[in-house]
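Input: a single structure, listed below in structure tokens.
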Amino acid sequence: MELADQDLVSILAARIGAAWPSIARARTRAAEVRERLAVSISDHTSEDTSLVVFGSLARKECTSGSDLDWVLLVDGAANAEHLEAALAIESHIQKVAPKGPGPEKTFGGLVFSHDLMHYIGGGDDTNQNMTQRMLLLLESTPVGRTEAYSRVMNNVLKRYVVEDFGWMHSRNPSNVPRFLHNDVVRYWRTIAVDFAYKRRTRAGQGWALRTAKLRMSRKLTYAAGLLRCYNCALEPSLQGLDRRDQSSAALPLVDFLASQIPITPLDLFARTFLTSDRLTQTAEPFFGAYNEFLGILDDEEKRSRLDSLQYDEIAVDPTYQRVRELGHSFQESLNAVFFSEQNHAEFFRLTKTYGVF
């Protein structure tokens with residue numbers, strides 16, 4: 001069985017004798033939504049198009065209030081049928097998840113592979129293009145046909161590796177894909193800056209809910225992106241590669257990165273805890289905090305409260321204060337993974353070397 005098909009969170013929970021019911025419930029709901037979508041849109045994708053979903057559905061973290069971020073990814077010559085397919089898919093999605101993509105319109109329509117592959121950095125790499133590309137790599141999954149999705153994913157990864165001069169010329173002894181790593185970090189910083197922008201342009205509406213997600217789910221996605229890069233340094237098959245043949249040197253790293261993409265962020269961390277005895281004690285506070293966070297999002301009253309909370313109510317609102325405490329606990333768990341030489345000496349070294357400067 002492939003790692004992506006395993007519920008590593010459940011395996012970890014059983015090993016340490018823990019129970020995370022909100023995570024389990026969110027995973028069940030995500031599987032149901034994906035199944036319904038796959039049936040309803042089966043006639044609207046093709047060899048050169050894939051329906052790709054992001055966010056909580058891709059991460060298997062669906063709650064009762066989750067929206068559904070999606071694109072119809074096109075990897076081929078443009079034609080009028082693509083728009084017709086996108087409109088048909090949108091109609092089906094509205095029946096499955098009434099709450100659609102956000103007002104920025106980053107999702108919810110056609111996306112063409114050309115911009116994702118060729119505009120990495122530079123003036124043409126807009127916030128929208130970078131967000132679509134990075135979330136394609138960090139938290140996406142295809143529903144239905146996968147040919148276009150797989151091609152685009154591999155081509156984007158190949159660009160990151162082939163244009164990583166240090167890696168391609170054996171000047172990176174740790175095998176960390178620095179070009180990709182830098183873009184993961186850039187994306188996280190962009191999210192943090194855009195948080196302030198959205199708070200201003202939306203006149204404070206929904207800021208507390210976005211704060212909760214920034215501290216938990218958005219940070220989880222970013223941290224999992226770091227793991228994907230740092231895992232390259234731990235992978236035995238990437239050690240001692242012969243890179244004299246430039247035409248094929250990138251393939252092992254591309255294949256390894258691609259193999260991690262179907263693994264959800266929570267499963268990626270579960271695998272880390274399962275394979276590192278010294279980190280076992282961190283698993284319960286890490287997943288315990290995240291489980292309670294998902295429980296709050298799944299509680300209609302609490303989620304609505306966060307969505308409508310005013311600035312002057314922060315100090316007296318128990319839901320916001322609890323989310324704040326969970327954010328601190330979650331951050332402390334991440335610190336134990338990335339910043340503790342005693343817990344994981346290699347992650348500690350890689351974080352100092354690549355994560356700061």
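Each chain in the structure tokens gets a letter, A, B, ..., in the order shown, and its residues are numbered from 1; ligands are numbered from 1 in order too.
Residues with any atom within 12 Å of Asn335 of chain A, counting only C-alpha atoms and excluding same-chain neighbours fewer than 3 positions away, are Ala223, Leu279, Thr282, Pro285, Phe286, His328, Ser329, Phe330, Gln331, Glu332, Phe338, Phe339, Ser340, Glu341, Gln342, Asn343, His344, Phe347, Phe348 and Thr351 of chain A.
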With C-alpha atoms retained, export the selected residues as a PDB file, in the first residue's frame.
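Below is the file result.pdb, written as the result:
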ATOM      1  CA  ALA A 223       5.568  23.423   7.997  1.00  0.00           C
ATOM      2  CA  LEU A 279       9.680  13.090  18.884  1.00  0.00           C
ATOM      3  CA  THR A 282       5.517  15.787  20.841  1.00  0.00           C
ATOM      4  CA  PRO A 285       0.301  18.062  22.020  1.00  0.00           C
ATOM      5  CA  PHE A 286       0.715  18.549  18.247  1.00  0.00           C
ATOM      6  CA  HIS A 328       0.732  28.649  21.160  1.00  0.00           C
ATOM      7  CA  SER A 329       0.657  24.922  21.908  1.00  0.00           C
ATOM      8  CA  PHE A 330       0.861  24.078  18.212  1.00  0.00           C
ATOM      9  CA  GLN A 331       3.799  26.443  17.752  1.00  0.00           C
ATOM     10  CA  GLU A 332       5.639  24.887  20.697  1.00  0.00           C
ATOM     11  CA  PHE A 338      12.450  21.948  13.906  1.00  0.00           C
ATOM     12  CA  PHE A 339      14.420  23.735  16.643  1.00  0.00           C
ATOM     13  CA  SER A 340      15.399  21.030  19.130  1.00  0.00           C
ATOM     14  CA  GLU A 341      18.780  19.413  18.542  1.00  0.00           C
ATOM     15  CA  GLN A 342      17.923  16.810  21.172  1.00  0.00           C
ATOM     16  CA  ASN A 343      14.660  15.787  19.483  1.00  0.00           C
ATOM     17  CA  HIS A 344      15.880  15.717  15.889  1.00  0.00           C
ATOM     18  CA  PHE A 347      16.033  18.882  11.310  1.00  0.00           C
ATOM     19  CA  PHE A 348      17.725  21.247  13.751  1.00  0.00           C
ATOM     20  CA  THR A 351      16.472  24.566   9.843  1.00  0.00           C
TER      21      THR A 351
END
Distance query segment 245-252 of chain A at most 12 Å, only C-alpha atoms, self and fewer than 3 positions along chain excluded, as JSON, numbers by chain: {"A": [154, 155, 157, 158, 159, 160, 161, 162, 163, 164, 165, 166, 167, 168, 169, 170, 175, 177, 232, 235, 236, 237, 238, 239, 240, 241, 242, 255, 256, 257, 258, 259]}
Shell of 9 Å around Glu284 of chain A, only C-alpha atoms, local chain residues under 3 positions omitted, as a PyMOL selection string: chain A and resi 13+16+18+280-281+287-289
Produce a file of the selected residues containing all heavy atoms, as a PDB file, in the first residue's frame.
ATOM      1  N   ALA A  13      -2.001   7.383  16.341  1.00  0.00           N
ATOM      2  CA  ALA A  13      -2.897   7.445  17.498  1.00  0.00           C
ATOM      3  C   ALA A  13      -2.948   6.094  18.225  1.00  0.00           C
ATOM      4  O   ALA A  13      -2.901   6.031  19.453  1.00  0.00           O
ATOM      5  CB  ALA A  13      -4.288   7.865  17.064  1.00  0.00           C
ATOM      6  N   ILE A  16       0.357   5.412  20.260  1.00  0.00           N
ATOM      7  CA  ILE A  16       0.587   6.141  21.512  1.00  0.00           C
ATOM      8  C   ILE A  16      -0.645   6.145  22.413  1.00  0.00           C
ATOM      9  O   ILE A  16      -0.633   6.766  23.476  1.00  0.00           O
ATOM     10  CB  ILE A  16       1.039   7.593  21.232  1.00  0.00           C
ATOM     11  CG1 ILE A  16      -0.095   8.414  20.600  1.00  0.00           C
ATOM     12  CG2 ILE A  16       2.277   7.613  20.355  1.00  0.00           C
ATOM     13  CD1 ILE A  16       0.268   9.891  20.423  1.00  0.00           C
ATOM     14  N   ALA A  18      -3.762   7.376  21.796  1.00  0.00           N
ATOM     15  CA  ALA A  18      -4.475   8.660  21.775  1.00  0.00           C
ATOM     16  C   ALA A  18      -5.746   8.545  20.953  1.00  0.00           C
ATOM     17  O   ALA A  18      -5.944   7.592  20.197  1.00  0.00           O
ATOM     18  CB  ALA A  18      -3.583   9.755  21.193  1.00  0.00           C
ATOM     19  N   THR A 280       8.279  11.315  19.804  1.00  0.00           N
ATOM     20  CA  THR A 280       7.000  10.706  20.161  1.00  0.00           C
ATOM     21  C   THR A 280       6.235  11.540  21.170  1.00  0.00           C
ATOM     22  O   THR A 280       5.012  11.708  21.069  1.00  0.00           O
ATOM     23  CB  THR A 280       7.219   9.283  20.714  1.00  0.00           C
ATOM     24  OG1 THR A 280       7.878   8.489  19.722  1.00  0.00           O
ATOM     25  CG2 THR A 280       5.888   8.634  21.071  1.00  0.00           C
ATOM     26  N   GLN A 281       6.944  12.099  22.139  1.00  0.00           N
ATOM     27  CA  GLN A 281       6.277  12.877  23.184  1.00  0.00           C
ATOM     28  C   GLN A 281       5.643  14.165  22.641  1.00  0.00           C
ATOM     29  O   GLN A 281       4.778  14.762  23.291  1.00  0.00           O
ATOM     30  CB  GLN A 281       7.279  13.226  24.285  1.00  0.00           C
ATOM     31  CG  GLN A 281       8.446  14.086  23.806  1.00  0.00           C
ATOM     32  CD  GLN A 281       9.467  14.342  24.897  1.00  0.00           C
ATOM     33  OE1 GLN A 281       9.293  13.919  26.034  1.00  0.00           O
ATOM     34  NE2 GLN A 281      10.540  15.048  24.553  1.00  0.00           N
ATOM     35  N   PHE A 287      -1.013  16.904  17.750  1.00  0.00           N
ATOM     36  CA  PHE A 287      -2.298  16.464  17.207  1.00  0.00           C
ATOM     37  C   PHE A 287      -3.460  16.797  18.137  1.00  0.00           C
ATOM     38  O   PHE A 287      -4.582  16.996  17.675  1.00  0.00           O
ATOM     39  CB  PHE A 287      -2.255  14.963  16.899  1.00  0.00           C
ATOM     40  CG  PHE A 287      -1.521  14.632  15.642  1.00  0.00           C
ATOM     41  CD1 PHE A 287      -0.181  14.256  15.674  1.00  0.00           C
ATOM     42  CD2 PHE A 287      -2.145  14.726  14.410  1.00  0.00           C
ATOM     43  CE1 PHE A 287       0.511  13.962  14.511  1.00  0.00           C
ATOM     44  CE2 PHE A 287      -1.459  14.441  13.234  1.00  0.00           C
ATOM     45  CZ  PHE A 287      -0.132  14.062  13.290  1.00  0.00           C
ATOM     46  N   GLY A 288      -3.194  16.866  19.421  1.00  0.00           N
ATOM     47  CA  GLY A 288      -4.256  17.249  20.351  1.00  0.00           C
ATOM     48  C   GLY A 288      -4.741  18.663  20.090  1.00  0.00           C
ATOM     49  O   GLY A 288      -5.952  18.931  20.065  1.00  0.00           O
ATOM     50  N   ALA A 289      -3.797  19.573  19.885  1.00  0.00           N
ATOM     51  CA  ALA A 289      -4.160  20.961  19.588  1.00  0.00           C
ATOM     52  C   ALA A 289      -4.897  21.054  18.268  1.00  0.00           C
ATOM     53  O   ALA A 289      -5.909  21.768  18.146  1.00  0.00           O
ATOM     54  CB  ALA A 289      -2.907  21.835  19.565  1.00  0.00           C
TER      55      ALA A 289
END
Which residue of A:Gly225, A:Gly17, A:Gly65, A:Pro142 approaches Ile296 of chain A most closely, using only C-alpha atoms: A:Gly65
Segment 48-61 of chain A environment, 9 Å, only C-alpha atoms, sequence neighbours closer than 4 positions dropped, as a PyMOL selection string: chain A and resi 22-31+33-34+41+44+66-77+82+86+89+107+135-136+139-149+217+221+263-266+294
Selected residues, N, CA and C atoms, written as a short mmCIF file (atom, residue, chain, number, x, y, z; two decimals), in the first residue's frame, please.
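Result saved to part-v6.cif:
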data_model
loop_
_atom_site.label_atom_id
_atom_site.label_comp_id
_atom_site.auth_asym_id
_atom_site.auth_seq_id
_atom_site.Cartn_x
_atom_site.Cartn_y
_atom_site.Cartn_z
N SER A 22 -12.10 14.59 16.26
CA SER A 22 -12.43 15.64 15.29
C SER A 22 -11.64 15.44 13.99
N ILE A 23 -10.41 14.99 14.11
CA ILE A 23 -9.61 14.70 12.91
C ILE A 23 -10.23 13.53 12.15
N ALA A 24 -10.62 12.48 12.89
CA ALA A 24 -11.23 11.31 12.24
C ALA A 24 -12.53 11.69 11.54
N ARG A 25 -13.35 12.52 12.20
CA ARG A 25 -14.62 12.93 11.61
C ARG A 25 -14.39 13.77 10.35
N ALA A 26 -13.39 14.66 10.39
CA ALA A 26 -13.09 15.50 9.24
C ALA A 26 -12.62 14.65 8.06
N ARG A 27 -11.88 13.59 8.35
CA ARG A 27 -11.38 12.72 7.28
C ARG A 27 -12.52 11.92 6.65
N THR A 28 -13.44 11.49 7.46
CA THR A 28 -14.59 10.77 6.92
C THR A 28 -15.42 11.67 6.02
N ARG A 29 -15.65 12.90 6.47
CA ARG A 29 -16.43 13.85 5.67
C ARG A 29 -15.72 14.16 4.35
N ALA A 30 -14.40 14.32 4.40
CA ALA A 30 -13.64 14.62 3.17
C ALA A 30 -13.75 13.48 2.17
N ALA A 31 -13.67 12.25 2.66
CA ALA A 31 -13.78 11.08 1.76
C ALA A 31 -15.15 11.04 1.10
N VAL A 33 -17.19 13.64 0.50
CA VAL A 33 -17.30 14.74 -0.47
C VAL A 33 -16.54 14.39 -1.75
N ARG A 34 -15.34 13.87 -1.60
CA ARG A 34 -14.55 13.50 -2.78
C ARG A 34 -15.27 12.45 -3.62
N ILE A 41 -18.72 14.69 -11.58
CA ILE A 41 -17.96 15.43 -12.60
C ILE A 41 -17.26 14.51 -13.59
N HIS A 44 -16.82 15.55 -17.20
CA HIS A 44 -16.36 16.90 -17.49
C HIS A 44 -14.84 17.07 -17.41
N SER A 66 -16.67 24.12 6.04
CA SER A 66 -15.59 24.23 5.05
C SER A 66 -16.09 24.72 3.70
N ASP A 67 -15.29 25.57 3.07
CA ASP A 67 -15.58 25.93 1.69
C ASP A 67 -14.86 24.93 0.78
N LEU A 68 -15.03 25.10 -0.52
CA LEU A 68 -14.41 24.17 -1.45
C LEU A 68 -13.67 24.96 -2.51
N ASP A 69 -12.35 24.98 -2.40
CA ASP A 69 -11.49 25.64 -3.38
C ASP A 69 -11.13 24.65 -4.47
N TRP A 70 -11.32 25.05 -5.72
CA TRP A 70 -11.09 24.13 -6.83
C TRP A 70 -10.67 24.90 -8.07
N VAL A 71 -10.03 24.21 -9.00
CA VAL A 71 -9.76 24.74 -10.33
C VAL A 71 -9.91 23.59 -11.33
N LEU A 72 -10.20 23.94 -12.56
CA LEU A 72 -10.09 22.98 -13.64
C LEU A 72 -8.74 23.25 -14.29
N LEU A 73 -7.79 22.37 -14.04
CA LEU A 73 -6.43 22.53 -14.53
C LEU A 73 -6.33 22.03 -15.97
N VAL A 74 -5.86 22.92 -16.85
CA VAL A 74 -5.78 22.60 -18.28
C VAL A 74 -4.32 22.46 -18.67
N ASP A 75 -3.97 21.32 -19.23
CA ASP A 75 -2.62 21.09 -19.73
C ASP A 75 -2.72 20.66 -21.19
N GLY A 76 -2.94 21.64 -22.05
CA GLY A 76 -3.13 21.35 -23.46
C GLY A 76 -3.61 22.60 -24.18
N ALA A 77 -3.90 22.45 -25.44
CA ALA A 77 -4.38 23.60 -26.24
C ALA A 77 -5.73 24.07 -25.72
N HIS A 82 -13.39 23.89 -22.63
CA HIS A 82 -12.84 23.98 -21.28
C HIS A 82 -13.72 24.85 -20.38
N ALA A 86 -15.82 23.81 -17.05
CA ALA A 86 -15.64 24.50 -15.77
C ALA A 86 -16.97 24.96 -15.20
N ILE A 89 -18.83 21.94 -13.90
CA ILE A 89 -18.23 21.49 -12.63
C ILE A 89 -18.65 22.42 -11.50
N PHE A 107 -9.41 30.79 -6.83
CA PHE A 107 -9.89 29.47 -7.24
C PHE A 107 -11.30 29.61 -7.83
N LEU A 135 0.12 25.88 -3.68
CA LEU A 135 -0.88 24.99 -3.11
C LEU A 135 -1.06 23.73 -3.95
N LEU A 136 -0.76 23.82 -5.24
CA LEU A 136 -0.73 22.61 -6.07
C LEU A 136 0.29 21.63 -5.50
N GLU A 139 -0.86 21.24 -0.98
CA GLU A 139 -2.13 20.70 -0.46
C GLU A 139 -3.17 20.61 -1.58
N SER A 140 -2.94 19.73 -2.51
CA SER A 140 -3.91 19.56 -3.60
C SER A 140 -4.13 18.08 -3.85
N THR A 141 -5.26 17.78 -4.48
CA THR A 141 -5.52 16.41 -4.91
C THR A 141 -6.46 16.45 -6.11
N PRO A 142 -6.26 15.57 -7.09
CA PRO A 142 -7.17 15.54 -8.24
C PRO A 142 -8.40 14.71 -7.91
N VAL A 143 -9.51 15.07 -8.50
CA VAL A 143 -10.76 14.30 -8.37
C VAL A 143 -11.13 13.84 -9.77
N GLY A 144 -11.22 12.55 -9.96
CA GLY A 144 -11.50 12.03 -11.30
C GLY A 144 -10.20 11.75 -12.05
N ARG A 145 -10.14 12.12 -13.31
CA ARG A 145 -8.97 11.83 -14.13
C ARG A 145 -7.74 12.60 -13.65
N THR A 146 -6.59 11.95 -13.69
CA THR A 146 -5.38 12.51 -13.09
C THR A 146 -4.26 12.81 -14.07
N GLU A 147 -4.43 12.51 -15.38
CA GLU A 147 -3.32 12.63 -16.30
C GLU A 147 -2.74 14.05 -16.35
N ALA A 148 -3.60 15.05 -16.51
CA ALA A 148 -3.13 16.43 -16.61
C ALA A 148 -2.48 16.87 -15.30
N TYR A 149 -3.10 16.53 -14.21
CA TYR A 149 -2.57 16.88 -12.88
C TYR A 149 -1.16 16.32 -12.71
N SER A 217 -4.03 25.86 10.48
CA SER A 217 -4.02 25.13 9.20
C SER A 217 -3.05 25.73 8.19
N THR A 221 0.35 23.74 6.74
CA THR A 221 0.70 23.56 5.33
C THR A 221 2.13 24.02 5.06
N ILE A 263 0.65 12.80 0.12
CA ILE A 263 0.55 12.60 1.56
C ILE A 263 0.09 13.90 2.21
N THR A 264 -0.99 13.89 2.96
CA THR A 264 -1.51 15.11 3.56
C THR A 264 -0.53 15.66 4.59
N PRO A 265 -0.62 16.95 4.90
CA PRO A 265 0.27 17.51 5.92
C PRO A 265 0.21 16.78 7.26
N LEU A 266 -0.99 16.42 7.72
CA LEU A 266 -1.09 15.71 9.00
C LEU A 266 -0.44 14.34 8.91
N LEU A 294 -9.92 21.72 14.89
CA LEU A 294 -10.92 21.25 13.93
C LEU A 294 -12.29 21.11 14.59
#
Residue list (helix (DSSP H, G or I), DSSP) for segment 31-241 of chain A, as a ChimeraX atom specification: /A:31-40,55-59,80-96,113-118,127-138,147-162,165-168,178-201,207-234,236-238
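Closest approach to Ala38 of chain A among A:Leu8, A:His92, A:Gly206, A:Phe179: A:His92, based on only C-alpha atoms.
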Interatomic distance, atom CA of Leu268 of chain A to atom CA of Tyr290 of chain A (Å, one decimal): 14.1 Å
Pick out the residues sitting within 8 Å of segment 300-314 of chain A, and hand them over as a PDB file with C-alpha atoms, in the first residue's frame; count only C-alpha atoms, and ignore anything fewer than 2 positions along from it in its own chain.
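What landed in around.pdb:
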ATOM      1  CA  SER A  64     -19.335  21.479   8.522  1.00  0.00           C
ATOM      2  CA  GLY A  65     -18.325  25.033   7.562  1.00  0.00           C
ATOM      3  CA  GLY A 204     -12.206  43.509   9.784  1.00  0.00           C
ATOM      4  CA  GLN A 205     -14.903  41.043   8.718  1.00  0.00           C
ATOM      5  CA  GLY A 206     -13.858  37.493   9.530  1.00  0.00           C
ATOM      6  CA  TRP A 207     -10.414  38.473  10.820  1.00  0.00           C
ATOM      7  CA  ALA A 208     -10.594  36.262  13.931  1.00  0.00           C
ATOM      8  CA  LEU A 209     -11.438  33.159  11.900  1.00  0.00           C
ATOM      9  CA  ILE A 296     -14.021  24.413  16.971  1.00  0.00           C
ATOM     10  CA  LEU A 297     -14.345  24.861  13.205  1.00  0.00           C
ATOM     11  CA  ASP A 298     -16.917  22.061  13.140  1.00  0.00           C
ATOM     12  CA  VAL A 316     -13.492  38.488  26.910  1.00  0.00           C
ATOM     13  CA  ASP A 317     -14.298  35.950  24.218  1.00  0.00           C
ATOM     14  CA  THR A 319     -13.517  30.836  21.920  1.00  0.00           C
ATOM     15  CA  TYR A 320     -10.930  33.280  20.617  1.00  0.00           C
ATOM     16  CA  GLN A 321      -8.828  32.923  23.754  1.00  0.00           C
TER      17      GLN A 321
END
